[in-house]
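Novice: Before we start, here is the structure in question, set down as structure tokens.
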2 protein chains.
Amino acid sequence: MNDNKLNAQGVDESTFLANYDMTAFDRPSVTVDMLLLTVDEIKSENIRKLPEKTLKILLIQRNEHPYLGQWAIPGGFVRMNESLDQAAYRELSEETGVDNVYLEQLYTFGAVNRDPRGRIISSAYMSLVDMHQITTKAGTDASDAKWFDIRYNVVNHTVKSESNQSVETKEIEIELNHENIQLKAVVKVVKSVSGKHVTFERKLFSSDQLAFDHGVIIQTGLERLRSKANQSDIVFQLMPELFTLTELQKTYEVILGQSLLKANFRRKIAKYVEETDEIVQDKGHRPSKLFKYKPYMEE
Amino acid sequence: MNDNKLNAQGVDESTFLANYDMTAFDRPSVTVDMLLLTVDEIKSENIRKLPEKTLKILLIQRNEHPYLGQWAIPGGFVRMNESLDQAAYRELSEETGVDNVYLEQLYTFGAVNRDPRGRIISSAYMSLVDMHQITTKAGTDASDAKWFDIRYNVVNHTVKSESNQSVETKEIEIELNHENIQLKAVVKVVKSVSGKHVTFERKLFSSDQLAFDHGVIIQTGLERLRSKANQSDIVFQLMPELFTLTELQKTYEVILGQSLLKANFRRKIAKYVEETDEIVQDKGHRPSKLFKYKPYMEE
DNA sequence: GCAATAGTGTCTCTAAGACATTATAAT
DNA sequence: ATTATAATGTCTTAGAGACACTATTGC
């Protein structure tokens, strides 16, 4: 690479780089925002009934402007000496104390006015954690970080088709609850095809007590999670070491937002699980076998 | 949002924002890099034979340090008054003169040392264009931008599985050709599962005359294209208004890197195409019907 | 016995894969 | 007739979906 070539001004590479001044141009700030999801159980009063599952997200109450007092997904500025991935891992471990958990880059949000403080571009990451392995403060009452139940609802779905043009519109309502705190965002997703020109857009329609464009980030993440739940073994990231197949099924159901047929479900996930010798009993009904995750490389 | 709340220092929101100084912190630079792909035809000497298809990418020869003289995918710094998407569209239209074409965000690359000039984070976008509608200089001899044929080869694919651990390694060789110019990059993709902890990594193994980490970006884009070709109607972005089903099939084949059976292929894409009255004849064999794209909303 | 969940069997329908056959132009 | 491509038919297999049935515990 450095073979002493000269540029048009007759300058070699090392001299060029030594004199290169990045601060000559205006630069945006870059943050990493972390969508942190888990699945929790809601115990029933009837001891013989199995607990329900619920999808949860970790949010932090802002103690500074802008959106002071509102709730936001955790995040922070990327440091100069860490990669985006490292920044995401750092945020995650600061918030939850967990390490070695699943993490993937979701999308980079770069609208000009998404942050009133100025031009801030944010790479959103999504992390899935097993509720049982979170050991820290997050979610305790001492902390400003709390786990919110997620309700995800498509309230309006229209498809307009003409000869050469078609537009699909979805309005997705996201409701987040923690005890008596209620947040809500509505995201409008528009896909349009005109001729063969395709556009796809997510817009924040309304946002109640949810800071910034975080409603859109959350919707993007939930859609990704649903899609990956169907096509990969990602859901096991939310499971403990040992689990029953019904627990696994209920986890899938709460992610996909629909109920599944037991026999079909078991056929589908069979390749990802391995039976163990352990069983769960004393539940007021037939005991169930415990399974564990078995890695399976897709084709 | 602005309801005159005060922060811990007793400052209201508008005062806070007026005094907020983003330049207090070191910031990275942000660029947009554009993977610009098309499919072209290679005419055969035998007039009765159909032309072959080839996948092409637009590259620019660098006329400045670093990587002076090497080839890179087009890109540039994001301006303060444009969104990431807008920056991508601007780059694209500057390079090709086309507008209204397909564009999607691919991935954001944020390794600390990916650019010797300093900390530069890059959002890569992928665009698919129909070769026929490109009207500008790009690719002409006067320009420093040229279309390179792509050869994509998995040279090494291993899966190591132990009881609780499994590692999948792929080495992907990407060769790019324009007349007598040959570029090459090898990308190593490692997926490992240990317990249930999953990591996924793409590393540039070697890069010959291809600047920066662009080999990785190209590999990422080609993988995305393959995946979307199977699951969506994205391939039509590479087709002209009217086309024969064999042309369409050959386009799929060059993207997927495998040949397909005609009857099965036609069944699969039937929902995306509409027959027209036009036919192609005088080709030394049975004439074929011309089809056009018909939008179809997935489920 | 009843409530509640665990676990399996099987029929149908659809989509994918493999292969074979017929059709039609230009030379 | 030959070459080359166009276009369709059909058998098989794999997987998804729907539903029915049997099993096992605690109360």
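Lettering and numbering for the structure tokens are positional, with chains as A, B, ... in the shown order, residues counted from 1 in each chain, and ligands counted from 1 in the shown order.
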Specify as a list in words all residues of chain B found within 8 Å of chain D, counting only C-alpha atoms (C1' of nucleotides).

Specialist: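 Applying the cut-off to the listed atoms yields Arg48, Lys49, Ala263, Gly284, His285, Arg286, Pro287 and Ser288 of chain B.
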
Novice: DSSP on the backbone, helix (DSSP H, G or I) only: what residues of segment 98-299 of chain B does that give? Format it as a PyMOL selection string.

Specialist: chain B and resi 131-133+214-231+234-238+245-256+262-272

Novice: Residues at most 10 Å from Ile47 of chain B, counting only C-alpha atoms (C1' of nucleotides), excluding those fewer than 3 positions away in the same chain, as a list of chain:residue names?

Specialist: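 So the residues in contact are B:Lys43, B:Ser44, B:Leu50, B:Pro51, B:Lys283, B:Gly284.
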
Novice: Compute the set of chain A residues within 7 Å of chain B, using only C-alpha atoms, and express it as a ChimeraX atom specification.

Specialist: /A:1,7,13,16-17,20,26-29,63-67,80-84,100-102,108,110-112,117,119,193,196-198,237,295

Novice: Considering only strand (DSSP E) as DSSP defines it on the backbone, what residues of segment 86-235 of chain B qualify? List them as a VMD selection string.

Specialist: chain B and resid 102 to 109 120 to 128 145 to 161 165 to 178 181 to 194 197 to 208

Novice: I need the chosen residues saved as a short mmCIF file (atom, residue, chain, number, x, y, z; two decimals), in the first residue's frame, with C-alpha atoms.

Specialist:
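To be explicit, this is the file written out as selection36.cif:
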```
data_model
loop_
_atom_site.label_atom_id
_atom_site.label_comp_id
_atom_site.auth_asym_id
_atom_site.auth_seq_id
_atom_site.Cartn_x
_atom_site.Cartn_y
_atom_site.Cartn_z
CA TYR B 102 -33.53 0.72 -5.90
CA LEU B 103 -31.44 1.48 -2.86
CA GLU B 104 -31.13 -0.13 0.52
CA GLN B 105 -28.92 0.30 3.52
CA LEU B 106 -26.58 -2.65 3.73
CA TYR B 107 -24.58 -2.37 6.93
CA THR B 108 -22.58 0.17 8.85
CA PHE B 109 -18.88 -0.57 9.16
CA ILE B 120 -14.20 6.99 9.73
CA ILE B 121 -17.45 5.13 10.07
CA SER B 122 -19.16 4.15 6.87
CA SER B 123 -22.75 3.27 6.14
CA ALA B 124 -22.76 1.07 3.08
CA TYR B 125 -25.72 1.14 0.74
CA MET B 126 -26.51 -1.21 -2.09
CA SER B 127 -28.13 -0.12 -5.31
CA LEU B 128 -29.34 -2.24 -8.19
CA ALA B 145 -15.22 4.87 -12.92
CA LYS B 146 -15.42 1.43 -14.50
CA TRP B 147 -17.68 -1.57 -14.38
CA PHE B 148 -15.95 -4.73 -13.18
CA ASP B 149 -17.12 -8.27 -13.79
CA ILE B 150 -17.60 -10.14 -10.53
CA ARG B 151 -16.51 -13.67 -9.83
CA TYR B 152 -17.61 -14.97 -6.44
CA ASN B 153 -16.20 -18.23 -5.16
CA VAL B 154 -16.36 -20.08 -1.88
CA VAL B 155 -12.90 -21.62 -1.84
CA ASN B 156 -12.98 -23.17 1.58
CA HIS B 157 -15.93 -24.22 3.65
CA THR B 158 -15.43 -26.12 6.88
CA VAL B 159 -17.74 -27.04 9.74
CA LYS B 160 -16.20 -28.27 12.99
CA SER B 161 -18.73 -29.70 15.41
CA GLN B 165 -19.35 -26.11 20.26
CA SER B 166 -19.35 -25.66 16.53
CA VAL B 167 -17.49 -23.38 14.17
CA GLU B 168 -18.27 -22.71 10.55
CA THR B 169 -15.62 -21.10 8.37
CA LYS B 170 -15.96 -19.87 4.82
CA GLU B 171 -13.35 -18.28 2.65
CA ILE B 172 -14.82 -16.26 -0.14
CA GLU B 173 -12.72 -15.21 -3.06
CA ILE B 174 -13.93 -12.22 -5.00
CA GLU B 175 -12.30 -11.50 -8.32
CA LEU B 176 -13.07 -8.33 -10.21
CA ASN B 177 -12.15 -7.77 -13.84
CA HIS B 178 -12.29 -4.89 -16.23
CA ILE B 181 -7.37 -4.89 -14.80
CA GLN B 182 -7.65 -7.62 -12.18
CA LEU B 183 -8.54 -7.07 -8.54
CA LYS B 184 -8.99 -9.68 -5.88
CA ALA B 185 -10.08 -9.94 -2.27
CA VAL B 186 -10.49 -12.89 0.06
CA VAL B 187 -12.97 -12.56 2.90
CA LYS B 188 -13.08 -14.95 5.81
CA VAL B 189 -16.50 -15.46 7.37
CA VAL B 190 -16.57 -17.22 10.72
CA LYS B 191 -19.69 -18.25 12.57
CA SER B 192 -19.20 -19.89 15.91
CA VAL B 193 -21.57 -21.29 18.47
CA SER B 194 -20.27 -22.12 21.92
CA HIS B 197 -23.27 -17.95 22.53
CA VAL B 198 -23.12 -17.02 18.88
CA THR B 199 -20.58 -14.84 17.14
CA PHE B 200 -20.41 -13.87 13.52
CA GLU B 201 -17.48 -12.18 11.94
CA ARG B 202 -16.30 -11.10 8.51
CA LYS B 203 -12.61 -10.40 8.10
CA LEU B 204 -10.59 -9.21 5.18
CA PHE B 205 -8.07 -11.97 4.61
CA SER B 206 -6.32 -10.37 1.67
CA SER B 207 -7.00 -7.55 -0.72
CA ASP B 208 -5.21 -6.94 -3.97
#
```

Novice: Go ahead and compute the interatomic distance for atom CA of Ile255 of chain A and atom CA of Asp282 of chain A, in Å to one decimal.

Specialist: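 So the answer is 28.2 Å.
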
Novice: Please find the residues of chain C near chain A - the criterion being any atom within 9 Å, counting only C-alpha atoms (C1' of nucleotides) - and write them as a list in words.

Specialist: DA3, DA4, DT5, DA6, DG7 and DT8 of chain C

Novice: What does the file look like for those residues with C-alpha atoms (C1' of nucleotides), as an mmCIF file, in the first residue's frame?

Specialist:
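Below is the file again.cif, written as the result:
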```cif
data_model
loop_
_atom_site.group_PDB
_atom_site.id
_atom_site.type_symbol
_atom_site.label_atom_id
_atom_site.label_comp_id
_atom_site.auth_asym_id
_atom_site.auth_seq_id
_atom_site.Cartn_x
_atom_site.Cartn_y
_atom_site.Cartn_z
ATOM 1 C "C1'" DA C 3 -58.409 -30.197 35.225
ATOM 2 C "C1'" DA C 4 -54.446 -29.245 33.013
ATOM 3 C "C1'" DT C 5 -50.685 -30.147 30.401
ATOM 4 C "C1'" DA C 6 -47.516 -33.630 27.764
ATOM 5 C "C1'" DG C 7 -46.750 -35.981 23.825
ATOM 6 C "C1'" DT C 8 -47.744 -38.506 19.269
#
```

Novice: Atom CA of Glu253 of chain B to atom CA of Tyr89 of chain B: how many Å, to one decimal?

Specialist: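 Atom-to-atom, atom CA of Glu253 of chain B to atom CA of Tyr89 of chain B, that is 28.2 Å.
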
Novice: Neighbouring residues of Leu256 of chain B were defined as those with any atom within 10 Å, considering only C-alpha atoms (C1' of nucleotides); residues of the same chain fewer than 5 positions away were excluded. Please report them as a list of chain:residue names.

Specialist: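 Skipping anything fewer than 5 positions along the chain leaves B:Tyr152, B:Leu222, B:Glu223, B:Leu225, B:Arg226, B:Ser227, B:Ala229, B:Asn230, B:Lys250, B:Thr251.
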
Novice: Write the residues of the preceding selection, restricted to C-alpha atoms, as a PDB file, in the first residue's frame.

Specialist:
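Written file, selection_38.pdb:
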```
ATOM      1  CA  TYR B 152     -17.614 -14.970  -6.442  1.00  0.00           C
ATOM      2  CA  LEU B 222     -23.338  -9.977  -2.645  1.00  0.00           C
ATOM      3  CA  GLU B 223     -24.505 -12.208   0.171  1.00  0.00           C
ATOM      4  CA  LEU B 225     -28.290  -9.884  -2.877  1.00  0.00           C
ATOM      5  CA  ARG B 226     -28.284 -13.677  -3.036  1.00  0.00           C
ATOM      6  CA  SER B 227     -30.474 -13.957  -0.023  1.00  0.00           C
ATOM      7  CA  ALA B 229     -33.037 -12.888  -4.722  1.00  0.00           C
ATOM      8  CA  ASN B 230     -34.489 -16.025  -3.176  1.00  0.00           C
ATOM      9  CA  LYS B 250     -30.090 -16.149 -16.535  1.00  0.00           C
ATOM     10  CA  THR B 251     -30.065 -13.076 -14.307  1.00  0.00           C
TER      11      THR B 251
END
```
